[in-house]
file model.cif (mmCIF, C-alpha atoms and all ligand atoms)
data_final
loop_
_atom_site.label_atom_id
_atom_site.label_comp_id
_atom_site.auth_asym_id
_atom_site.auth_seq_id
_atom_site.Cartn_x
_atom_site.Cartn_y
_atom_site.Cartn_z
CA MET A 1 26.07 12.93 85.76
CA GLU A 2 23.56 14.23 88.24
CA SER A 3 20.73 11.92 89.16
CA LEU A 4 17.29 13.45 89.48
CA SER A 5 14.22 12.19 91.20
CA VAL A 6 10.92 12.38 89.30
CA ARG A 7 7.55 10.74 89.66
CA CYS A 8 5.88 8.57 87.06
CA ASN A 9 2.99 10.55 85.62
CA HIS A 10 0.93 7.38 85.33
CA CYS A 11 1.37 5.51 88.62
CA GLY A 12 3.18 8.04 90.77
CA ALA A 13 6.18 5.80 91.48
CA PRO A 14 9.48 7.60 92.14
CA LEU A 15 12.03 7.28 89.32
CA GLN A 16 15.69 8.18 89.10
CA VAL A 17 16.80 9.76 85.84
CA SER A 18 20.03 11.41 84.84
CA ASP A 19 19.81 15.09 83.91
CA ALA A 20 20.30 14.24 80.24
CA THR A 21 17.48 11.69 80.07
CA ARG A 22 14.62 12.61 77.77
CA PHE A 23 12.68 9.35 77.71
CA VAL A 24 12.28 6.74 80.41
CA THR A 25 10.17 3.65 80.98
CA CYS A 26 8.57 3.35 84.40
CA GLN A 27 9.86 0.22 86.17
CA PHE A 28 6.55 -0.23 87.96
CA CYS A 29 3.85 0.27 85.36
CA GLN A 30 5.92 0.11 82.15
CA SER A 31 4.59 3.46 80.93
CA SER A 32 6.70 5.24 78.34
CA LEU A 33 7.47 8.65 79.77
CA GLU A 34 8.97 11.83 78.45
CA VAL A 35 10.98 13.81 80.99
CA LYS A 36 9.98 17.47 80.79
CA ARG A 37 11.83 20.33 82.37
CA THR A 38 10.91 23.88 83.14
CA ASP A 39 13.10 26.41 84.92
CA SER A 40 11.69 25.45 88.29
CA SER A 41 10.45 21.89 87.95
CA ILE A 42 10.91 18.52 86.38
CA PHE A 43 8.08 16.13 85.61
CA THR A 44 7.10 13.28 83.33
CA GLU A 45 4.40 12.90 80.73
CA GLU A 46 3.18 9.68 79.18
CA VAL A 47 4.37 9.39 75.60
CA ALA A 48 1.22 7.57 74.50
CA LYS A 49 -0.84 10.45 75.83
CA ILE A 50 1.25 13.00 73.95
CA ALA A 51 0.79 11.06 70.71
CA GLU A 52 -2.93 10.80 71.39
CA ASN A 53 -3.23 14.53 72.04
CA THR A 54 -1.24 15.35 68.92
CA GLY A 55 -3.48 13.05 66.90
CA LYS A 56 -6.59 14.64 68.36
CA MET A 57 -5.25 18.10 67.65
CA ALA A 58 -4.50 17.20 64.02
CA GLU A 59 -8.02 15.82 63.69
CA SER A 60 -9.64 18.89 65.16
CA LEU A 61 -7.57 21.07 62.82
CA GLU A 62 -8.88 18.99 59.95
CA VAL A 63 -12.44 19.45 61.24
CA ILE A 64 -11.92 23.22 61.41
CA ALA A 65 -10.46 23.24 57.88
CA LEU A 66 -13.47 21.31 56.57
CA GLN A 67 -15.92 23.58 58.38
CA ASN A 68 -14.17 26.61 56.92
CA GLU A 69 -14.36 25.12 53.45
CA ILE A 70 -18.10 24.45 53.81
CA GLU A 71 -18.62 27.99 55.08
CA LYS A 72 -16.64 29.42 52.15
CA LEU A 73 -18.62 27.29 49.69
CA ASP A 74 -21.92 28.49 51.18
CA ARG A 75 -20.77 32.09 51.11
CA GLU A 76 -19.71 31.89 47.45
CA TRP A 77 -22.96 30.19 46.56
CA GLY A 78 -24.92 32.87 48.40
CA ILE A 79 -23.13 35.62 46.45
CA GLU A 80 -23.84 33.79 43.20
CA GLN A 81 -27.52 33.47 44.17
CA MET A 82 -27.72 37.20 44.86
CA ASN A 83 -26.04 38.03 41.54
CA SER A 84 -28.41 35.86 39.53
CA MET A 85 -31.50 37.39 41.09
CA VAL A 86 -33.58 39.74 39.00
CA PRO A 87 -33.68 43.20 40.53
CA SER A 88 -37.19 44.64 40.84
CA ARG A 89 -38.90 47.40 42.77
CA ARG A 90 -39.82 45.00 45.57
CA GLY A 91 -36.20 43.86 45.94
CA PRO A 92 -34.33 41.00 44.30
CA ARG A 93 -36.40 37.99 43.30
CA PRO A 94 -35.25 34.62 42.01
CA PRO A 95 -35.59 34.03 38.26
CA GLY A 96 -38.79 32.21 37.25
CA ASN A 97 -39.04 29.00 35.30
CA PRO A 98 -37.09 29.64 32.06
CA TRP A 99 -39.26 27.18 30.07
CA PHE A 100 -42.36 29.16 31.00
CA GLY A 101 -40.50 32.30 29.86
CA LEU A 102 -39.66 30.62 26.56
CA ALA A 103 -43.27 29.54 26.02
CA PHE A 104 -44.41 33.09 26.63
CA THR A 105 -41.83 34.59 24.26
CA ILE A 106 -42.78 32.06 21.54
CA PHE A 107 -46.40 33.14 21.92
CA PHE A 108 -45.34 36.80 21.86
CA ALA A 109 -43.15 36.19 18.77
CA ALA A 110 -46.05 34.42 17.00
CA VAL A 111 -48.29 37.45 17.62
CA CYS A 112 -45.54 39.73 16.27
CA PHE A 113 -45.00 37.61 13.17
CA SER A 114 -48.71 37.33 12.39
CA MET A 115 -48.93 41.13 12.76
CA ALA A 116 -45.98 41.45 10.36
CA SER A 117 -47.60 39.14 7.83
CA ARG A 118 -50.87 41.09 7.98
CA ILE A 119 -48.93 44.33 7.47
CA SER A 120 -47.05 42.72 4.58
CA SER A 121 -50.30 41.55 2.89
CA ALA A 122 -51.71 45.06 3.35
CA ARG A 123 -48.68 46.17 1.27
CA VAL A 124 -47.49 48.78 3.79
CA PRO A 125 -43.74 48.97 3.17
CA GLY A 126 -40.66 49.45 5.35
CA ILE A 127 -40.58 50.03 9.08
CA PHE A 128 -44.19 48.91 9.74
CA PHE A 129 -43.16 45.43 8.71
CA PHE A 130 -39.73 45.27 10.37
CA VAL A 131 -40.76 46.53 13.83
CA PRO A 132 -42.94 43.50 14.73
CA VAL A 133 -40.44 41.10 13.08
CA GLY A 134 -37.61 42.64 15.13
CA MET A 135 -39.65 42.47 18.34
CA GLY A 136 -40.54 38.83 17.65
CA LEU A 137 -36.91 37.86 16.98
CA PHE A 138 -35.72 39.71 20.09
CA ALA A 139 -38.33 37.94 22.22
CA LEU A 140 -37.27 34.54 20.86
CA PHE A 141 -33.61 35.31 21.52
CA ALA A 142 -34.37 36.44 25.08
CA GLY A 143 -36.47 33.33 25.74
CA ILE A 144 -33.81 30.93 24.44
CA SER A 145 -30.96 32.65 26.29
CA GLY A 146 -33.13 32.51 29.44
CA VAL A 147 -33.38 28.73 29.09
CA PHE A 148 -29.60 28.46 28.62
CA LYS A 149 -28.97 30.59 31.70
CA GLY A 150 -31.44 28.46 33.64
CA GLU A 151 -29.63 25.28 32.61
CA THR A 152 -26.24 26.76 33.56
CA ARG A 153 -27.64 27.72 36.95
CA LYS A 154 -29.03 24.25 37.47
CA ALA A 155 -25.63 22.73 36.67
CA ALA A 156 -23.92 25.14 39.08
CA GLN A 157 -26.41 24.24 41.81
CA THR A 158 -25.85 20.52 41.26
CA SER A 159 -22.07 20.87 41.50
CA TYR A 160 -22.40 23.06 44.62
CA GLN A 161 -24.66 20.51 46.28
CA GLN A 162 -22.37 17.61 45.34
CA ARG A 163 -19.30 19.38 46.75
CA ARG A 164 -21.17 20.25 49.94
CA THR A 165 -22.40 16.69 50.45
CA GLU A 166 -18.85 15.44 49.93
CA LEU A 167 -17.46 17.83 52.56
CA GLU A 168 -20.27 17.02 55.02
CA HIS A 169 -19.51 13.35 54.54
CA GLN A 170 -15.78 13.87 55.23
CA LEU A 171 -16.67 15.85 58.34
CA ALA A 172 -19.04 13.19 59.60
CA THR A 173 -16.40 10.48 59.03
CA LEU A 174 -13.83 12.49 60.95
CA ARG A 175 -16.20 13.17 63.84
CA SER A 176 -17.28 9.56 64.19
CA LYS A 177 -13.67 8.47 64.84
ZN ZN B 201 4.60 4.14 86.47
#

call {"tool": "encode", "arguments": {"input": "model.cif", "output": "structure tokens"}}
result
Amino acid sequence: MESLSVRCNHCGAPLQVSDATRFVTCQFCQSSLEVKRTDSSIFTEEVAKIAENTGKMAESLEVIALQNEIEKLDREWGIEQMNSMVPSRRGPRPPGNPWFGLAFTIFFAAVCFSMASRISSARVPGIFFFVPVGMGLFALFAGISGVFKGETRKAAQTSYQQRRTELEHQLATLRSK
């Protein structure tokens, strides 16, 4: 076996290794070294350092993965926000308070129903009675479904915020290492 001369990557001491050696311990500083070869050179690298670098790389990959996940979450939430906005002439606007909408539609329905009852007491038959009743019922339905949609949105927002906080926390833990 051919004996090769290399230098310790940690303390610079000359070491003799055989050409088949992959790992060697420096006799002077006790560093664990990996013998690396290229076509034109031979050198050593501290094993502890390699492990450290690998660990750091794995951690930074994890950081990138977390950042990507947060970005994706934000993007999806942004799309959902856009979709739930009410289109109007001045551009999309966020939906108003659904409870206020419900209060208004109840008021509107009450006006419709009182109109219907006055029509009914005036003994005008048919469509003159059903139009305000229909409008009142439609308004009530719209108001109630608005409240349901509002509650669903609130729940979606809560779960988005929880997930985001969780990811941010994981990221902060990883970075503080
Ligand atoms: Zn050494």

call {"tool": "closest_atom_pairs", "arguments": {"input": "model.cif", "of": "chain A", "to": "ligand ZN 201 (chain B)", "cutoff": "12 Å", "atoms": "all atoms listed in the file", "output": "JSON lines"}}
result
{"residue": "A:Val6", "atom": "CA", "partner": "B:ZN201", "partner_atom": "ZN", "distance": 10.8}
{"residue": "A:Arg7", "atom": "CA", "partner": "B:ZN201", "partner_atom": "ZN", "distance": 7.9}
{"residue": "A:Cys8", "atom": "CA", "partner": "B:ZN201", "partner_atom": "ZN", "distance": 4.6}
{"residue": "A:Asn9", "atom": "CA", "partner": "B:ZN201", "partner_atom": "ZN", "distance": 6.7}
{"residue": "A:His10", "atom": "CA", "partner": "B:ZN201", "partner_atom": "ZN", "distance": 5.0}
{"residue": "A:Cys11", "atom": "CA", "partner": "B:ZN201", "partner_atom": "ZN", "distance": 4.1}
{"residue": "A:Gly12", "atom": "CA", "partner": "B:ZN201", "partner_atom": "ZN", "distance": 6.0}
{"residue": "A:Ala13", "atom": "CA", "partner": "B:ZN201", "partner_atom": "ZN", "distance": 5.5}
{"residue": "A:Pro14", "atom": "CA", "partner": "B:ZN201", "partner_atom": "ZN", "distance": 8.2}
{"residue": "A:Leu15", "atom": "CA", "partner": "B:ZN201", "partner_atom": "ZN", "distance": 8.6}
{"residue": "A:Val24", "atom": "CA", "partner": "B:ZN201", "partner_atom": "ZN", "distance": 10.1}
{"residue": "A:Thr25", "atom": "CA", "partner": "B:ZN201", "partner_atom": "ZN", "distance": 7.8}
{"residue": "A:Cys26", "atom": "CA", "partner": "B:ZN201", "partner_atom": "ZN", "distance": 4.5}
{"residue": "A:Gln27", "atom": "CA", "partner": "B:ZN201", "partner_atom": "ZN", "distance": 6.6}
{"residue": "A:Phe28", "atom": "CA", "partner": "B:ZN201", "partner_atom": "ZN", "distance": 5.0}
{"residue": "A:Cys29", "atom": "CA", "partner": "B:ZN201", "partner_atom": "ZN", "distance": 4.1}
{"residue": "A:Gln30", "atom": "CA", "partner": "B:ZN201", "partner_atom": "ZN", "distance": 6.1}
{"residue": "A:Ser31", "atom": "CA", "partner": "B:ZN201", "partner_atom": "ZN", "distance": 5.6}
{"residue": "A:Ser32", "atom": "CA", "partner": "B:ZN201", "partner_atom": "ZN", "distance": 8.5}
{"residue": "A:Leu33", "atom": "CA", "partner": "B:ZN201", "partner_atom": "ZN", "distance": 8.6}
{"residue": "A:Glu34", "atom": "CA", "partner": "B:ZN201", "partner_atom": "ZN", "distance": 11.9}
{"residue": "A:Thr44", "atom": "CA", "partner": "B:ZN201", "partner_atom": "ZN", "distance": 10.0}
{"residue": "A:Glu45", "atom": "CA", "partner": "B:ZN201", "partner_atom": "ZN", "distance": 10.5}
{"residue": "A:Glu46", "atom": "CA", "partner": "B:ZN201", "partner_atom": "ZN", "distance": 9.3}

call {"tool": "closest_residue", "arguments": {"input": "model.cif", "among": "A:Ala48, A:Ile42, A:Leu140, A:Leu61", "to": "A:Val17", "atoms": "all atoms listed in the file"}}
result
A:Ile42

call {"tool": "residues_near_point", "arguments": {"input": "model.cif", "point": "(-40.4, 41.6, 17.3)", "cutoff": "9 Å", "atoms": "all atoms listed in the file", "output": "ChimeraX atom specification"}}
result
/A:108-109,111-113,116,130-140

call {"tool": "residues_around", "arguments": {"input": "model.cif", "residues": "A:Phe100", "least_positions_apart": "5", "cutoff": "12 Å", "atoms": "only C-alpha atoms", "output": "PDB file with C-alpha atoms, in the coordinates of the input"}}
result
ATOM      1  CA  PRO A  95     -35.590  34.030  38.260  1.00  0.00           C
ATOM      2  CA  THR A 105     -41.830  34.590  24.260  1.00  0.00           C
ATOM      3  CA  ILE A 106     -42.780  32.060  21.540  1.00  0.00           C
ATOM      4  CA  PHE A 107     -46.400  33.140  21.920  1.00  0.00           C
ATOM      5  CA  GLY A 143     -36.470  33.330  25.740  1.00  0.00           C
ATOM      6  CA  ILE A 144     -33.810  30.930  24.440  1.00  0.00           C
ATOM      7  CA  GLY A 146     -33.130  32.510  29.440  1.00  0.00           C
ATOM      8  CA  VAL A 147     -33.380  28.730  29.090  1.00  0.00           C
ATOM      9  CA  GLY A 150     -31.440  28.460  33.640  1.00  0.00           C
TER      10      GLY A 150
END

call {"tool": "atom_distance", "arguments": {"input": "model.cif", "atom1": "atom CA of A:Trp77", "atom2": "atom CA of A:Ala58"}}
result
28.5 Å

call {"tool": "atom_distance", "arguments": {"input": "model.cif", "atom1": "atom CA of A:Asn68", "atom2": "atom CA of A:Lys56"}}
result
18.2 Å

call {"tool": "atom_distance", "arguments": {"input": "model.cif", "atom1": "atom CA of A:Ala20", "atom2": "atom CA of A:Arg37"}}
result
10.6 Å

call {"tool": "residues_around", "arguments": {"input": "model.cif", "residues": "A:Ile70", "least_positions_apart": "3", "cutoff": "9 Å", "atoms": "all atoms listed in the file", "output": "ChimeraX atom specification"}}
result
/A:65-67,73-75,163-164,167-168

call {"tool": "closest_residue", "arguments": {"input": "model.cif", "among": "A:Met85, A:Leu102, A:Ala156, A:Val63", "to": "A:Leu174", "atoms": "all atoms listed in the file"}}
result
A:Val63

call {"tool": "closest_residue", "arguments": {"input": "model.cif", "among": "A:Gly55, A:Glu62, A:Arg153, A:Thr21", "to": "A:Thr173", "atoms": "only C-alpha atoms"}}
result
A:Glu62

call {"tool": "decode", "arguments": {"input": "model.cif", "residues": "stretch 12-62 of chain A", "atoms": "N, CA and C atoms", "output": "PDB file, in the first residue's frame"}}
result
ATOM      1  N   GLY A  12      -2.839  21.424  11.239  1.00  0.00           N
ATOM      2  CA  GLY A  12      -1.812  21.566  10.209  1.00  0.00           C
ATOM      3  C   GLY A  12      -0.667  20.575  10.304  1.00  0.00           C
ATOM      4  N   ALA A  13      -0.730  19.655  11.265  1.00  0.00           N
ATOM      5  CA  ALA A  13       0.344  18.666  11.423  1.00  0.00           C
ATOM      6  C   ALA A  13       0.351  17.700  10.239  1.00  0.00           C
ATOM      7  N   PRO A  14       1.552  17.261   9.813  1.00  0.00           N
ATOM      8  CA  PRO A  14       1.616  16.294   8.720  1.00  0.00           C
ATOM      9  C   PRO A  14       1.208  14.897   9.185  1.00  0.00           C
ATOM     10  N   LEU A  15       0.418  14.222   8.382  1.00  0.00           N
ATOM     11  CA  LEU A  15      -0.051  12.876   8.724  1.00  0.00           C
ATOM     12  C   LEU A  15       0.253  11.930   7.569  1.00  0.00           C
ATOM     13  N   GLN A  16       0.535  10.697   7.909  1.00  0.00           N
ATOM     14  CA  GLN A  16       0.739   9.667   6.890  1.00  0.00           C
ATOM     15  C   GLN A  16      -0.502   8.785   6.854  1.00  0.00           C
ATOM     16  N   VAL A  17      -1.099   8.678   5.681  1.00  0.00           N
ATOM     17  CA  VAL A  17      -2.245   7.763   5.542  1.00  0.00           C
ATOM     18  C   VAL A  17      -1.997   6.850   4.351  1.00  0.00           C
ATOM     19  N   SER A  18      -2.575   5.682   4.395  1.00  0.00           N
ATOM     20  CA  SER A  18      -2.477   4.799   3.229  1.00  0.00           C
ATOM     21  C   SER A  18      -3.503   5.275   2.198  1.00  0.00           C
ATOM     22  N   ASP A  19      -3.349   4.881   0.958  1.00  0.00           N
ATOM     23  CA  ASP A  19      -4.242   5.401  -0.086  1.00  0.00           C
ATOM     24  C   ASP A  19      -5.671   4.879   0.033  1.00  0.00           C
ATOM     25  N   ALA A  20      -5.891   3.911   0.916  1.00  0.00           N
ATOM     26  CA  ALA A  20      -7.251   3.406   1.099  1.00  0.00           C
ATOM     27  C   ALA A  20      -7.940   4.022   2.316  1.00  0.00           C
ATOM     28  N   THR A  21      -7.188   4.820   3.089  1.00  0.00           N
ATOM     29  CA  THR A  21      -7.754   5.376   4.324  1.00  0.00           C
ATOM     30  C   THR A  21      -8.835   6.410   4.029  1.00  0.00           C
ATOM     31  N   ARG A  22      -9.958   6.269   4.715  1.00  0.00           N
ATOM     32  CA  ARG A  22     -11.007   7.276   4.553  1.00  0.00           C
ATOM     33  C   ARG A  22     -11.091   8.175   5.787  1.00  0.00           C
ATOM     34  N   PHE A  23     -10.871   7.556   6.965  1.00  0.00           N
ATOM     35  CA  PHE A  23     -10.948   8.345   8.195  1.00  0.00           C
ATOM     36  C   PHE A  23      -9.668   8.167   8.996  1.00  0.00           C
ATOM     37  N   VAL A  24      -9.235   9.253   9.610  1.00  0.00           N
ATOM     38  CA  VAL A  24      -8.012   9.190  10.409  1.00  0.00           C
ATOM     39  C   VAL A  24      -8.138  10.140  11.597  1.00  0.00           C
ATOM     40  N   THR A  25      -7.502   9.774  12.695  1.00  0.00           N
ATOM     41  CA  THR A  25      -7.472  10.675  13.844  1.00  0.00           C
ATOM     42  C   THR A  25      -6.091  11.314  13.920  1.00  0.00           C
ATOM     43  N   CYS A  26      -6.072  12.640  14.026  1.00  0.00           N
ATOM     44  CA  CYS A  26      -4.800  13.351  14.093  1.00  0.00           C
ATOM     45  C   CYS A  26      -4.081  12.976  15.396  1.00  0.00           C
ATOM     46  N   GLN A  27      -2.798  12.607  15.281  1.00  0.00           N
ATOM     47  CA  GLN A  27      -2.036  12.204  16.469  1.00  0.00           C
ATOM     48  C   GLN A  27      -1.712  13.389  17.361  1.00  0.00           C
ATOM     49  N   PHE A  28      -1.794  14.590  16.792  1.00  0.00           N
ATOM     50  CA  PHE A  28      -1.378  15.777  17.552  1.00  0.00           C
ATOM     51  C   PHE A  28      -2.539  16.471  18.260  1.00  0.00           C
ATOM     52  N   CYS A  29      -3.663  16.622  17.546  1.00  0.00           N
ATOM     53  CA  CYS A  29      -4.771  17.342  18.178  1.00  0.00           C
ATOM     54  C   CYS A  29      -6.005  16.470  18.378  1.00  0.00           C
ATOM     55  N   GLN A  30      -5.915  15.211  18.014  1.00  0.00           N
ATOM     56  CA  GLN A  30      -6.995  14.237  18.213  1.00  0.00           C
ATOM     57  C   GLN A  30      -8.267  14.553  17.425  1.00  0.00           C
ATOM     58  N   SER A  31      -8.139  15.393  16.396  1.00  0.00           N
ATOM     59  CA  SER A  31      -9.312  15.662  15.562  1.00  0.00           C
ATOM     60  C   SER A  31      -9.661  14.430  14.735  1.00  0.00           C
ATOM     61  N   SER A  32     -10.959  14.193  14.570  1.00  0.00           N
ATOM     62  CA  SER A  32     -11.401  13.144  13.648  1.00  0.00           C
ATOM     63  C   SER A  32     -11.462  13.748  12.258  1.00  0.00           C
ATOM     64  N   LEU A  33     -10.730  13.109  11.335  1.00  0.00           N
ATOM     65  CA  LEU A  33     -10.620  13.685   9.999  1.00  0.00           C
ATOM     66  C   LEU A  33     -11.098  12.716   8.938  1.00  0.00           C
ATOM     67  N   GLU A  34     -11.728  13.290   7.904  1.00  0.00           N
ATOM     68  CA  GLU A  34     -12.063  12.485   6.745  1.00  0.00           C
ATOM     69  C   GLU A  34     -11.064  12.833   5.654  1.00  0.00           C
ATOM     70  N   VAL A  35     -10.492  11.795   5.024  1.00  0.00           N
ATOM     71  CA  VAL A  35      -9.530  12.022   3.952  1.00  0.00           C
ATOM     72  C   VAL A  35     -10.305  12.180   2.648  1.00  0.00           C
ATOM     73  N   LYS A  36     -10.145  13.341   2.014  1.00  0.00           N
ATOM     74  CA  LYS A  36     -10.876  13.602   0.773  1.00  0.00           C
ATOM     75  C   LYS A  36      -9.901  13.672  -0.383  1.00  0.00           C
ATOM     76  N   ARG A  37     -10.350  13.144  -1.493  1.00  0.00           N
ATOM     77  CA  ARG A  37      -9.477  13.109  -2.672  1.00  0.00           C
ATOM     78  C   ARG A  37     -10.182  13.735  -3.872  1.00  0.00           C
ATOM     79  N   THR A  38      -9.430  14.535  -4.586  1.00  0.00           N
ATOM     80  CA  THR A  38      -9.889  14.960  -5.910  1.00  0.00           C
ATOM     81  C   THR A  38      -8.873  14.415  -6.891  1.00  0.00           C
ATOM     82  N   ASP A  39      -9.060  14.663  -8.159  1.00  0.00           N
ATOM     83  CA  ASP A  39      -8.115  14.163  -9.160  1.00  0.00           C
ATOM     84  C   ASP A  39      -6.703  14.659  -8.899  1.00  0.00           C
ATOM     85  N   SER A  40      -6.598  15.904  -8.427  1.00  0.00           N
ATOM     86  CA  SER A  40      -5.268  16.511  -8.335  1.00  0.00           C
ATOM     87  C   SER A  40      -4.782  16.694  -6.903  1.00  0.00           C
ATOM     88  N   SER A  41      -5.651  16.496  -5.922  1.00  0.00           N
ATOM     89  CA  SER A  41      -5.175  16.777  -4.564  1.00  0.00           C
ATOM     90  C   SER A  41      -5.768  15.822  -3.537  1.00  0.00           C
ATOM     91  N   ILE A  42      -5.194  15.860  -2.378  1.00  0.00           N
ATOM     92  CA  ILE A  42      -5.690  15.078  -1.259  1.00  0.00           C
ATOM     93  C   ILE A  42      -5.649  15.971  -0.017  1.00  0.00           C
ATOM     94  N   PHE A  43      -6.720  15.989   0.713  1.00  0.00           N
ATOM     95  CA  PHE A  43      -6.781  16.863   1.893  1.00  0.00           C
ATOM     96  C   PHE A  43      -7.691  16.237   2.945  1.00  0.00           C
ATOM     97  N   THR A  44      -7.708  16.846   4.118  1.00  0.00           N
ATOM     98  CA  THR A  44      -8.539  16.305   5.193  1.00  0.00           C
ATOM     99  C   THR A  44      -9.581  17.341   5.614  1.00  0.00           C
ATOM    100  N   GLU A  45     -10.670  16.815   6.158  1.00  0.00           N
ATOM    101  CA  GLU A  45     -11.723  17.694   6.659  1.00  0.00           C
ATOM    102  C   GLU A  45     -12.185  17.132   7.992  1.00  0.00           C
ATOM    103  N   GLU A  46     -12.368  18.008   8.939  1.00  0.00           N
ATOM    104  CA  GLU A  46     -12.804  17.557  10.266  1.00  0.00           C
ATOM    105  C   GLU A  46     -14.198  16.942  10.192  1.00  0.00           C
ATOM    106  N   VAL A  47     -14.338  15.781  10.774  1.00  0.00           N
ATOM    107  CA  VAL A  47     -15.626  15.076  10.725  1.00  0.00           C
ATOM    108  C   VAL A  47     -16.682  15.848  11.505  1.00  0.00           C
ATOM    109  N   ALA A  48     -16.299  16.377  12.651  1.00  0.00           N
ATOM    110  CA  ALA A  48     -17.255  17.132  13.471  1.00  0.00           C
ATOM    111  C   ALA A  48     -17.829  18.302  12.681  1.00  0.00           C
ATOM    112  N   LYS A  49     -16.931  18.942  11.908  1.00  0.00           N
ATOM    113  CA  LYS A  49     -17.366  20.084  11.107  1.00  0.00           C
ATOM    114  C   LYS A  49     -18.360  19.663  10.031  1.00  0.00           C
ATOM    115  N   ILE A  50     -18.087  18.515   9.408  1.00  0.00           N
ATOM    116  CA  ILE A  50     -18.994  18.008   8.369  1.00  0.00           C
ATOM    117  C   ILE A  50     -20.371  17.780   8.978  1.00  0.00           C
ATOM    118  N   ALA A  51     -20.395  17.110  10.131  1.00  0.00           N
ATOM    119  CA  ALA A  51     -21.668  16.817  10.791  1.00  0.00           C
ATOM    120  C   ALA A  51     -22.397  18.113  11.116  1.00  0.00           C
ATOM    121  N   GLU A  52     -21.626  19.090  11.602  1.00  0.00           N
ATOM    122  CA  GLU A  52     -22.210  20.378  11.967  1.00  0.00           C
ATOM    123  C   GLU A  52     -22.828  21.045  10.740  1.00  0.00           C
ATOM    124  N   ASN A  53     -22.057  21.051   9.636  1.00  0.00           N
ATOM    125  CA  ASN A  53     -22.565  21.660   8.406  1.00  0.00           C
ATOM    126  C   ASN A  53     -23.818  20.963   7.909  1.00  0.00           C
ATOM    127  N   THR A  54     -23.802  19.625   7.967  1.00  0.00           N
ATOM    128  CA  THR A  54     -24.956  18.860   7.517  1.00  0.00           C
ATOM    129  C   THR A  54     -26.168  19.206   8.365  1.00  0.00           C
ATOM    130  N   GLY A  55     -25.928  19.291   9.681  1.00  0.00           N
ATOM    131  CA  GLY A  55     -27.013  19.652  10.596  1.00  0.00           C
ATOM    132  C   GLY A  55     -27.555  21.029  10.279  1.00  0.00           C
ATOM    133  N   LYS A  56     -26.659  21.968  10.044  1.00  0.00           N
ATOM    134  CA  LYS A  56     -27.071  23.339   9.729  1.00  0.00           C
ATOM    135  C   LYS A  56     -27.857  23.383   8.422  1.00  0.00           C
ATOM    136  N   MET A  57     -27.395  22.579   7.462  1.00  0.00           N
ATOM    137  CA  MET A  57     -28.073  22.570   6.172  1.00  0.00           C
ATOM    138  C   MET A  57     -29.489  22.017   6.330  1.00  0.00           C
ATOM    139  N   ALA A  58     -29.626  20.937   7.094  1.00  0.00           N
ATOM    140  CA  ALA A  58     -30.946  20.345   7.329  1.00  0.00           C
ATOM    141  C   ALA A  58     -31.861  21.361   8.000  1.00  0.00           C
ATOM    142  N   GLU A  59     -31.289  22.110   8.955  1.00  0.00           N
ATOM    143  CA  GLU A  59     -32.080  23.115   9.652  1.00  0.00           C
ATOM    144  C   GLU A  59     -32.519  24.228   8.719  1.00  0.00           C
ATOM    145  N   SER A  60     -31.589  24.663   7.856  1.00  0.00           N
ATOM    146  CA  SER A  60     -31.972  25.768   6.968  1.00  0.00           C
ATOM    147  C   SER A  60     -32.983  25.298   5.930  1.00  0.00           C
ATOM    148  N   LEU A  61     -32.908  24.002   5.556  1.00  0.00           N
ATOM    149  CA  LEU A  61     -33.934  23.457   4.657  1.00  0.00           C
ATOM    150  C   LEU A  61     -35.292  23.471   5.341  1.00  0.00           C
ATOM    151  N   GLU A  62     -35.275  23.151   6.630  1.00  0.00           N
ATOM    152  CA  GLU A  62     -36.521  23.139   7.393  1.00  0.00           C
ATOM    153  C   GLU A  62     -37.098  24.557   7.494  1.00  0.00           C
TER     154      GLU A  62
END
